[in-house]
file protein.txt (compact mmCIF, C-alpha atoms and all ligand atoms)
# COMPACT_ATOMS: atom_id res chain seq x y z
CA MET A 897 -3.57 161.82 48.66
CA LYS A 898 -5.35 164.17 46.28
CA ILE A 899 -6.70 162.92 42.97
CA SER A 900 -6.03 166.24 41.27
CA ASP A 901 -2.32 165.97 42.18
CA LEU A 902 -2.13 162.66 40.31
CA LEU A 903 -3.62 164.02 37.10
CA ARG A 904 -1.58 165.13 34.12
CA ASP A 905 -1.46 168.94 33.92
CA ASN A 906 -3.09 169.05 30.49
CA ILE A 907 -6.00 166.94 31.75
CA ARG A 908 -6.42 168.93 34.98
CA ASN A 909 -6.63 172.09 32.87
CA LEU A 910 -8.69 170.63 30.06
CA ARG A 911 -11.72 172.63 28.98
CA PRO A 912 -14.05 169.99 27.54
CA TYR A 913 -16.03 170.14 24.33
CA VAL A 914 -19.54 171.33 25.13
CA SER A 915 -22.01 169.35 23.09
CA ALA A 916 -25.29 170.75 21.82
CA ARG A 917 -27.39 168.62 24.15
CA ASP A 918 -25.39 169.52 27.26
CA GLU A 919 -27.00 172.92 27.38
CA CYS A 920 -30.62 171.98 26.85
CA GLU A 921 -32.44 168.91 28.05
CA ARG A 922 -36.10 169.49 27.25
CA ILE A 923 -37.71 167.26 24.65
CA ASP A 924 -40.38 169.70 23.41
CA MET A 925 -37.94 172.02 21.66
CA THR A 926 -37.30 172.53 17.98
CA TYR A 927 -33.75 171.30 17.60
CA LEU A 928 -31.77 173.19 14.97
CA ASP A 929 -28.50 173.20 16.86
CA ALA A 930 -26.55 170.07 15.94
CA ASN A 931 -26.77 169.75 12.17
CA GLU A 932 -28.71 166.51 12.50
CA CYS A 933 -30.99 165.23 9.78
CA PRO A 934 -34.61 165.94 10.78
CA PHE A 935 -35.86 162.58 9.40
CA GLY A 936 -35.50 159.00 10.55
CA MET A 937 -35.41 156.87 13.71
CA TYR A 938 -31.83 157.37 14.76
CA ASN A 939 -31.32 160.90 13.49
CA ARG A 940 -30.68 162.53 16.88
CA TYR A 941 -27.49 162.38 18.89
CA PRO A 942 -27.84 160.18 21.97
CA ASP A 943 -27.80 161.31 25.60
CA PRO A 944 -24.10 162.16 26.19
CA TYR A 945 -24.31 161.13 29.87
CA GLN A 946 -26.55 158.04 29.47
CA LYS A 947 -28.85 159.14 32.32
CA GLU A 948 -31.50 156.43 31.94
CA LEU A 949 -28.92 153.67 31.72
CA LYS A 950 -26.95 155.00 34.70
CA ALA A 951 -30.12 155.18 36.81
CA ILE A 952 -30.68 151.45 36.22
CA ILE A 953 -27.04 150.56 36.90
CA SER A 954 -27.23 152.68 40.04
CA ASP A 955 -30.25 150.67 41.26
CA ILE A 956 -28.61 147.33 40.58
CA ARG A 957 -25.17 148.14 42.00
CA GLY A 958 -26.24 150.43 44.83
CA ILE A 959 -23.90 153.22 43.71
CA ALA A 960 -25.05 156.78 43.04
CA ALA A 961 -25.41 157.57 39.33
CA LYS A 962 -22.93 160.45 39.66
CA ASN A 963 -20.24 157.91 40.58
CA ILE A 964 -20.76 155.89 37.37
CA PHE A 965 -19.05 156.28 34.00
CA VAL A 966 -20.30 154.39 30.94
CA SER A 967 -18.21 153.71 27.88
CA SER A 968 -18.00 151.63 24.75
CA GLY A 969 -16.60 148.57 26.56
CA SER A 970 -14.42 148.70 29.66
CA ASP A 971 -11.23 148.43 27.58
CA GLU A 972 -11.90 152.01 26.54
CA ILE A 973 -11.87 153.14 30.19
CA ILE A 974 -8.44 151.55 30.70
CA ASP A 975 -7.10 153.77 27.92
CA HIS A 976 -8.82 156.87 29.39
CA LEU A 977 -7.15 156.19 32.76
CA PHE A 978 -3.68 156.03 31.18
CA ARG A 979 -4.27 159.29 29.36
CA ALA A 980 -5.66 160.99 32.48
CA PHE A 981 -2.97 160.00 34.97
CA CYS A 982 0.24 158.94 33.20
CA ILE A 983 2.69 161.30 31.51
CA PRO A 984 4.12 159.29 28.57
CA GLY A 985 7.74 158.31 29.10
CA VAL A 986 7.71 159.55 32.70
CA ASP A 987 5.01 157.89 34.81
CA LYS A 988 4.62 154.16 35.48
CA SER A 989 1.98 151.51 36.11
CA ILE A 990 1.82 148.02 37.61
CA CYS A 991 0.01 144.83 36.71
CA PHE A 992 0.27 141.20 37.77
CA THR A 993 1.06 138.06 35.77
CA PRO A 994 -0.47 135.86 34.63
CA GLY A 995 -3.13 138.48 33.95
CA TYR A 996 -5.27 140.31 31.42
CA ALA A 997 -3.17 141.44 28.45
CA MET A 998 -5.02 144.71 27.75
CA TYR A 999 -3.35 146.59 30.62
CA GLU A 1000 0.05 146.05 29.00
CA VAL A 1001 -1.18 146.87 25.50
CA SER A 1002 -2.83 150.06 26.70
CA ALA A 1003 0.32 151.03 28.62
CA GLU A 1004 2.43 150.48 25.51
CA ILE A 1005 0.08 152.48 23.28
CA ASN A 1006 0.40 155.34 25.75
CA ASN A 1007 4.18 154.92 26.08
CA VAL A 1008 3.88 154.26 29.81
CA ASP A 1009 6.17 151.78 31.58
CA ILE A 1010 4.31 148.84 33.12
CA VAL A 1011 5.95 146.78 35.86
CA LYS A 1012 4.80 143.17 35.76
CA ILE A 1013 4.77 141.44 39.14
CA PRO A 1014 4.29 137.66 39.23
CA LEU A 1015 1.41 136.38 41.36
CA ASN A 1016 2.49 133.77 43.92
CA GLU A 1017 1.84 130.02 43.55
CA LYS A 1018 -1.74 130.53 44.77
CA PHE A 1019 -2.18 133.31 42.18
CA GLN A 1020 -2.34 135.88 44.96
CA ILE A 1021 -0.48 139.18 45.28
CA ASP A 1022 2.81 139.08 47.15
CA ILE A 1023 2.80 142.30 49.19
CA VAL A 1024 6.54 142.09 49.83
CA ALA A 1025 7.26 142.19 46.08
CA LEU A 1026 4.97 145.18 45.78
CA ASN A 1027 6.16 147.26 48.71
CA ASN A 1028 8.99 148.95 46.83
CA TYR A 1029 6.54 150.45 44.35
CA LEU A 1030 3.73 151.63 46.63
CA HIS A 1031 5.32 154.96 47.49
CA ASP A 1032 6.98 155.75 44.16
CA PRO A 1033 5.42 159.11 43.15
CA THR A 1034 5.63 158.21 39.44
CA MET A 1035 3.66 154.99 40.03
CA LYS A 1036 0.22 156.22 39.02
CA LEU A 1037 -1.91 153.18 38.15
CA MET A 1038 -2.15 149.63 39.45
CA PHE A 1039 -4.37 147.02 37.80
CA ILE A 1040 -5.86 144.16 39.80
CA CYS A 1041 -8.22 141.78 38.05
CA SER A 1042 -10.55 139.88 40.41
CA PRO A 1043 -11.68 137.24 39.57
CA ASN A 1044 -8.44 137.17 37.62
CA ASN A 1045 -8.26 136.42 33.91
CA PRO A 1046 -6.90 133.79 33.09
CA THR A 1047 -6.39 132.14 36.50
CA ALA A 1048 -10.10 132.44 37.49
CA ASN A 1049 -9.52 133.13 41.21
CA LEU A 1050 -10.50 136.10 43.36
CA ILE A 1051 -7.73 138.26 44.76
CA ASP A 1052 -7.76 138.30 48.55
CA ARG A 1053 -9.75 141.33 49.73
CA ASN A 1054 -7.47 141.98 52.71
CA THR A 1055 -4.62 142.43 50.26
CA ILE A 1056 -6.71 144.85 48.21
CA GLU A 1057 -7.56 146.77 51.37
CA TYR A 1058 -3.89 146.91 52.37
CA ILE A 1059 -2.95 148.29 48.95
CA LEU A 1060 -5.72 150.90 49.06
CA ASN A 1061 -4.41 152.07 52.42
CA HIS A 1062 -0.75 152.21 51.33
CA PHE A 1063 -0.66 152.98 47.61
CA ASN A 1064 -0.23 156.60 46.53
CA GLY A 1065 -1.72 156.07 43.05
CA ILE A 1066 -5.03 154.81 41.64
CA LEU A 1067 -5.96 151.16 42.09
CA VAL A 1068 -8.03 149.95 39.13
CA LEU A 1069 -9.99 146.86 40.18
CA ASP A 1070 -11.28 144.98 37.14
CA GLU A 1071 -14.40 143.01 38.10
CA ALA A 1072 -15.39 141.82 34.61
CA TYR A 1073 -16.25 138.37 36.03
CA ILE A 1074 -17.61 139.30 39.47
CA ASP A 1075 -21.16 138.17 38.59
CA TYR A 1076 -19.96 134.54 38.48
CA SER A 1077 -18.38 134.71 41.91
CA LEU A 1078 -20.02 133.77 45.19
CA GLU A 1079 -18.18 136.68 46.81
CA SER A 1080 -19.70 140.10 46.42
CA SER A 1081 -18.31 142.99 44.40
CA LEU A 1082 -16.10 145.55 46.13
CA VAL A 1083 -17.73 148.35 44.16
CA LYS A 1084 -19.18 149.88 47.36
CA TRP A 1085 -15.62 150.52 48.54
CA VAL A 1086 -15.37 153.44 46.11
CA GLU A 1087 -17.40 155.37 48.71
CA ASN A 1088 -14.57 155.02 51.23
CA TYR A 1089 -11.46 154.93 49.05
CA PRO A 1090 -10.96 157.89 46.69
CA ASN A 1091 -8.08 156.01 45.00
CA LEU A 1092 -10.23 152.99 44.03
CA PHE A 1093 -11.68 152.75 40.55
CA VAL A 1094 -13.77 149.66 39.74
CA LEU A 1095 -14.38 148.36 36.21
CA GLN A 1096 -17.31 146.18 35.25
CA THR A 1097 -18.82 145.25 31.90
CA LEU A 1098 -22.00 144.03 30.24
CA SER A 1099 -19.84 141.85 27.94
CA LYS A 1100 -19.77 138.72 30.11
CA ALA A 1101 -22.58 137.77 32.52
CA TRP A 1102 -25.05 140.17 30.89
CA GLY A 1103 -24.43 138.68 27.44
CA LEU A 1104 -23.83 141.95 25.56
CA ALA A 1105 -20.26 141.64 24.25
CA GLY A 1106 -21.51 142.70 20.82
CA VAL A 1107 -23.15 145.85 22.15
CA ARG A 1108 -20.00 147.27 23.80
CA VAL A 1109 -20.98 148.71 27.16
CA GLY A 1110 -18.45 149.00 29.98
CA MET A 1111 -18.84 150.69 33.35
CA GLY A 1112 -16.50 152.46 35.70
CA PHE A 1113 -17.26 153.27 39.34
CA GLY A 1114 -15.27 155.80 41.30
CA ASN A 1115 -15.28 159.00 43.28
CA LEU A 1116 -16.75 162.09 41.69
CA GLU A 1117 -13.40 163.67 40.89
CA ILE A 1118 -12.30 160.76 38.69
CA ILE A 1119 -15.73 160.45 37.04
CA GLU A 1120 -15.68 164.16 36.19
CA VAL A 1121 -12.26 163.83 34.61
CA LEU A 1122 -13.46 160.92 32.45
CA ASN A 1123 -16.54 162.89 31.45
CA LYS A 1124 -14.33 165.76 30.32
CA MET A 1125 -12.08 163.45 28.31
CA LYS A 1126 -14.58 161.19 26.60
CA ALA A 1127 -15.90 161.66 23.08
CA PRO A 1128 -19.13 163.65 23.47
CA TYR A 1129 -21.46 160.87 22.28
CA ASN A 1130 -19.40 157.86 23.28
CA VAL A 1131 -22.25 155.33 23.69
CA SER A 1132 -24.70 154.98 20.83
CA GLN A 1133 -28.44 155.33 21.31
CA LEU A 1134 -28.90 151.69 20.26
CA SER A 1135 -26.34 150.50 22.81
CA GLN A 1136 -27.90 152.58 25.58
CA GLN A 1137 -31.34 151.23 24.75
CA ILE A 1138 -30.30 147.58 24.52
CA ALA A 1139 -28.26 147.86 27.72
CA SER A 1140 -31.18 149.45 29.62
CA ASP A 1141 -33.63 146.80 28.41
CA THR A 1142 -31.25 143.97 29.28
CA LEU A 1143 -30.52 145.31 32.76
CA LYS A 1144 -34.24 145.50 33.50
CA ASN A 1145 -34.57 141.78 32.80
CA ILE A 1146 -32.91 140.47 35.96
CA SER A 1147 -34.61 137.06 35.83
CA ASP A 1148 -33.03 136.10 32.48
CA TYR A 1149 -29.66 137.27 33.73
CA LYS A 1150 -29.94 135.21 36.91
CA ALA A 1151 -31.05 132.11 35.01
CA ASN A 1152 -28.11 132.45 32.61
CA VAL A 1153 -25.57 132.92 35.38
CA ASN A 1154 -26.98 129.93 37.31
CA LEU A 1155 -26.82 127.73 34.24
CA ILE A 1156 -23.20 128.74 33.61
CA LEU A 1157 -22.35 127.97 37.25
CA SER A 1158 -23.86 124.49 37.11
CA GLU A 1159 -22.17 123.85 33.76
CA ARG A 1160 -18.87 125.04 35.23
CA LYS A 1161 -19.16 122.39 37.92
CA ARG A 1162 -20.02 119.70 35.38
CA VAL A 1163 -17.17 120.61 32.98
CA GLU A 1164 -14.72 120.88 35.85
CA SER A 1165 -15.43 117.34 37.08
CA ALA A 1166 -15.42 115.97 33.53
CA LEU A 1167 -12.05 117.55 32.70
CA LYS A 1168 -10.53 116.18 35.89
CA GLN A 1169 -11.17 112.68 34.46
CA VAL A 1170 -9.10 113.39 31.34
CA GLU A 1171 -5.77 111.63 31.55
CA TYR A 1172 -3.66 114.44 30.08
CA VAL A 1173 -5.28 117.14 32.24
CA LYS A 1174 -2.85 117.80 35.08
CA LYS A 1175 -4.85 120.36 36.99
CA VAL A 1176 -8.13 122.28 36.86
CA PHE A 1177 -7.97 125.34 39.08
CA PRO A 1178 -11.04 126.34 41.09
CA SER A 1179 -12.98 129.07 39.28
CA ASP A 1180 -14.91 132.15 40.34
CA ALA A 1181 -15.51 133.07 36.69
CA ASN A 1182 -17.18 131.69 33.54
CA PHE A 1183 -14.03 129.88 32.43
CA LEU A 1184 -11.63 127.24 33.70
CA PHE A 1185 -7.86 127.55 33.92
CA VAL A 1186 -6.50 124.15 33.01
CA ILE A 1187 -2.99 122.71 32.99
CA VAL A 1188 -2.36 119.96 30.42
CA ASP A 1189 0.62 117.83 29.41
CA ASP A 1190 1.31 119.89 26.27
CA ALA A 1191 -0.81 123.01 25.68
CA ASP A 1192 0.24 123.59 22.04
CA LYS A 1193 -0.63 120.00 21.12
CA ARG A 1194 -3.96 119.94 22.98
CA TYR A 1195 -4.92 123.33 21.60
CA GLN A 1196 -4.29 122.06 18.06
CA LYS A 1197 -6.16 118.81 18.68
CA LEU A 1198 -9.21 120.69 19.90
CA LYS A 1199 -9.02 122.91 16.86
CA ASP A 1200 -9.07 119.78 14.68
CA HIS A 1201 -12.36 119.02 16.46
CA LYS A 1202 -13.46 122.56 15.50
CA ILE A 1203 -13.29 123.78 19.09
CA VAL A 1204 -11.36 126.94 19.92
CA VAL A 1205 -9.99 127.49 23.41
CA ARG A 1206 -7.40 130.03 24.58
CA ASN A 1207 -3.82 128.77 24.63
CA ARG A 1208 -2.10 130.64 27.50
CA ASP A 1209 1.17 128.68 27.31
CA ALA A 1210 3.11 131.87 26.60
CA ILE A 1211 2.20 133.37 29.98
CA TYR A 1212 1.84 130.18 32.05
CA LYS A 1213 3.44 126.91 30.98
CA ASN A 1214 1.01 124.40 29.43
CA SER A 1215 -2.12 126.31 30.39
CA LEU A 1216 -5.41 126.58 28.53
CA ARG A 1217 -8.25 128.92 29.36
CA ILE A 1218 -11.56 127.31 28.49
CA SER A 1219 -14.84 129.28 28.49
CA ILE A 1220 -17.98 127.63 29.82
CA GLY A 1221 -20.41 127.44 26.90
CA ALA A 1222 -23.98 126.29 26.43
CA PRO A 1223 -24.60 122.68 27.61
CA GLN A 1224 -24.27 121.27 24.09
CA GLU A 1225 -21.03 123.16 23.44
CA ASN A 1226 -19.63 121.83 26.70
CA ASP A 1227 -20.62 118.32 25.59
CA TYR A 1228 -18.62 118.82 22.37
CA LEU A 1229 -15.62 119.89 24.43
CA ILE A 1230 -15.84 117.00 26.88
CA ASN A 1231 -16.31 114.43 24.10
CA ALA A 1232 -13.42 115.85 22.09
CA MET A 1233 -11.14 115.74 25.10
CA TYR A 1234 -12.14 112.18 25.99
CA ASP A 1235 -11.45 111.16 22.37
CA GLU A 1236 -7.83 112.23 22.52
CA LYS A 1237 -5.15 110.13 24.13
C1 LIG B 1301 -13.61 140.50 28.94
C2 LIG B 1301 -12.86 141.39 29.88
C3 LIG B 1301 -13.16 142.75 29.97
C4 LIG B 1301 -14.30 143.34 29.17
O1 LIG B 1301 -13.93 144.21 28.21
P1 LIG B 1301 -15.07 144.98 27.39
O2 LIG B 1301 -14.26 145.98 26.66
O3 LIG B 1301 -16.00 145.60 28.39
O4 LIG B 1301 -15.76 143.98 26.52
C5 LIG B 1301 -12.45 143.53 30.86
N1 LIG B 1301 -11.50 142.99 31.64
C6 LIG B 1301 -11.22 141.68 31.61
C7 LIG B 1301 -10.20 141.12 32.52
C8 LIG B 1301 -11.87 140.86 30.70
O5 LIG B 1301 -11.53 139.54 30.65
call {"tool": "encode", "arguments": {"input": "protein.txt", "output": "structure tokens"}}
result
Amino acid sequence: MKISDLLRDNIRNLRPYVSARDECERIDMTYLDANECPFGMYNRYPDPYQKELKAIISDIRGIAAKNIFVSSGSDEIIDHLFRAFCIPGVDKSICFTPGYAMYEVSAEINNVDIVKIPLNEKFQIDIVALNNYLHDPTMKLMFICSPNNPTANLIDRNTIEYILNHFNGILVLDEAYIDYSLESSLVKWVENYPNLFVLQTLSKAWGLAGVRVGMGFGNLEIIEVLNKMKAPYNVSQLSQQIASDTLKNISDYKANVNLILSERKRVESALKQVEYVKKVFPSDANFLFVIVDDADKRYQKLKDHKIVVRNRDAIYKNSLRISIGAPQENDYLINAMYDEK
């Protein structure tokens, strides 16, 4: 399988915009090339390839900087991938349900068909249901979210390996929640599988949802395509700076993740005592997937207590997705749920 054969013709042939700072990297120059204002703190365009930030990510994840793409949130990368690989109205994609809704929305925006395959009763991928699609030459993208949103479980890595060995398109593995899992990331696999593209984000475990920094890891050919397609200055100087500073502070990150993990355990056992809670699924993420007697009613009752959770009834009967908050927020939740009959 060749990546370039999967690309849309217009993207394969794209001649990218060359930005002013691409051609000259030295800092001791007089810059009169980009029509910037000469005054102020944020007057210069940021590094288009986020070199400092990528060097830090590279250290933490053990992946060469040239195999990393940084964007304004990982949702933006999902859209890039559709535009790179899928001819609107012709090519197709696959996702699994219940799953993350953005894959479908992005497919629809790009006018690309998305086949939705139900996960089995253990929320795992049923290879038999998938087999028909693996060799379809118009099937360009497959999205696997692990740990999965909203079901909170990891997808079996043998299944992922099987798909990588048999699928003729690109497998996009969304690891937004991997930092909360005891299992390690599969990001290293991009070194062996040219058709694997891994998404991660600073929006969850790193606490930077407001800053908008997402990361993609893949082989050089895919990264180069994304670099050609992206807006020249796609990550602001402020975002790059805050992301770099945050990633250098590993001890805060670890403390936060550990606190969330112990709170997850506490909330999980507390919710299991609630009479109308039918099931709390095991979680590898910073949220719990909970089945109640009547999701619409319980959702509304919690809202009356000024607590907002995610009602997922529409995609899985009577399910709620509940984020793990700070200890006091979790106390509010537990008390509110114990209050209701
Ligand atoms: C939260 C989340 C993301 C992160 O999106 P950003 O745009 O990086 O904030 C990606 N995938 C899944 C499944 C998520 O739940």
call {"tool": "atom_distance", "arguments": {"input": "protein.txt", "atom1": "atom CA of Val1173 of chain A", "atom2": "atom CA of Arg1217 of chain A"}}
result
12.5 Å
call {"tool": "residues_near_ligand", "arguments": {"input": "protein.txt", "ligand": "ligand LIG 1301 (chain B)", "cutoff": "10 Å", "atoms": "only C-alpha atoms and all ligand atoms", "output": "ChimeraX atom specification"}}
result
/A:967-974,995-999,1039-1046,1048,1069-1073,1095-1100,1104-1111,1181
call {"tool": "closest_residue", "arguments": {"input": "protein.txt", "among": "A:Ile1010, A:Lys1175, A:Asn1130, A:Asp1180", "to": "Asp943 of chain A", "atoms": "all atoms listed in the file"}}
result
A:Asn1130
call {"tool": "closest_residue", "arguments": {"input": "protein.txt", "among": "A:Asn1182, A:Asn1214, A:Asn1231, A:Ser1132", "to": "Arg1194 of chain A", "atoms": "all atoms listed in the file"}}
result
A:Asn1214
call {"tool": "atom_distance", "arguments": {"input": "protein.txt", "atom1": "atom CA of Asp955 of chain A", "atom2": "atom CA of Asn1091 of chain A"}}
result
23.1 Å
call {"tool": "closest_residue", "arguments": {"input": "protein.txt", "among": "A:Ala1003, A:Leu1229, A:Ala1191, A:Ile1056", "to": "Ala1210 of chain A", "atoms": "all atoms listed in the file"}}
result
A:Ala1191
call {"tool": "atom_distance", "arguments": {"input": "protein.txt", "atom1": "atom CA of Ala1025 of chain A", "atom2": "atom CA of Asp901 of chain A"}}
result
25.9 Å
call {"tool": "residues_around", "arguments": {"input": "protein.txt", "residues": "Gly985 of chain A", "least_positions_apart": "6", "cutoff": "12 Å", "atoms": "all atoms listed in the file", "output": "PyMOL selection string"}}
result
chain A and resi 978+1003-1010+1034
call {"tool": "residues_around", "arguments": {"input": "protein.txt", "residues": "Val1186 of chain A", "least_positions_apart": "2", "cutoff": "6 Å", "atoms": "only C-alpha atoms", "output": "ChimeraX atom specification"}}
result
/A:1175-1176,1215-1216
call {"tool": "residues_around", "arguments": {"input": "protein.txt", "residues": "Tyr1089 of chain A", "least_positions_apart": "6", "cutoff": "12 Å", "atoms": "all atoms listed in the file", "output": "PyMOL selection string"}}
result
chain A and resi 897-899+1056-1068+1082-1083+1113-1116+1118
call {"tool": "residues_near_point", "arguments": {"input": "protein.txt", "point": "(2.3, 136.1, 36.5)", "cutoff": "7 Å", "atoms": "only C-alpha atoms", "output": "JSON, numbers by chain"}}
result
{"A": [992, 993, 994, 995, 1013, 1014, 1015]}
call {"tool": "closest_residue", "arguments": {"input": "protein.txt", "among": "A:Asp1200, A:Glu948, A:Asp1052, A:Glu1000", "to": "Glu1236 of chain A", "atoms": "all atoms listed in the file"}}
result
A:Asp1200
call {"tool": "residues_around", "arguments": {"input": "protein.txt", "residues": "Asn1226 of chain A", "least_positions_apart": "2", "cutoff": "12 Å", "atoms": "all atoms listed in the file", "output": "list of chain:residue names"}}
result
A:Leu1155, A:Ile1156, A:Ser1158, A:Glu1159, A:Arg1160, A:Lys1161, A:Arg1162, A:Val1163, A:Glu1164, A:Ala1166, A:Leu1167, A:Phe1183, A:Leu1184, A:Ile1203, A:Val1204, A:Val1205, A:Ile1218, A:Ser1219, A:Ile1220, A:Gly1221, A:Ala1222, A:Pro1223, A:Gln1224, A:Tyr1228, A:Leu1229, A:Ile1230, A:Asn1231, A:Ala1232, A:Met1233
call {"tool": "residues_near_point", "arguments": {"input": "protein.txt", "point": "(-22.8, 148.3, 43.6)", "cutoff": "8 Å", "atoms": "all atoms listed in the file", "output": "ChimeraX atom specification"}}
result
/A:954,956-959,1081-1084
call {"tool": "write_last_selection", "arguments": {"input": "protein.txt", "atoms": "C-alpha atoms", "output": "compact mmCIF listing (two decimals), keeping the file's coordinate frame"}}
result
# COMPACT_ATOMS: atom_id res chain seq x y z
CA SER A 954 -27.23 152.68 40.04
CA ILE A 956 -28.61 147.33 40.58
CA ARG A 957 -25.17 148.14 42.00
CA GLY A 958 -26.24 150.43 44.83
CA ILE A 959 -23.90 153.22 43.71
CA SER A 1081 -18.31 142.99 44.40
CA LEU A 1082 -16.10 145.55 46.13
CA VAL A 1083 -17.73 148.35 44.16
CA LYS A 1084 -19.18 149.88 47.36
call {"tool": "residues_around", "arguments": {"input": "protein.txt", "residues": "Glu1120 of chain A", "least_positions_apart": "4", "cutoff": "9 Å", "atoms": "all atoms listed in the file", "output": "ChimeraX atom specification"}}
result
/A:962-963,965,1115-1116,1124-1125
call {"tool": "closest_residue", "arguments": {"input": "protein.txt", "among": "A:Lys1036, A:Lys1150, A:His976, A:Arg1053", "to": "Ile1021 of chain A", "atoms": "only C-alpha atoms"}}
result
A:Arg1053
call {"tool": "closest_residue", "arguments": {"input": "protein.txt", "among": "A:Tyr1172, A:Tyr945, A:Phe935, A:Tyr913", "to": "Gln1133 of chain A", "atoms": "only C-alpha atoms"}}
result
A:Tyr945
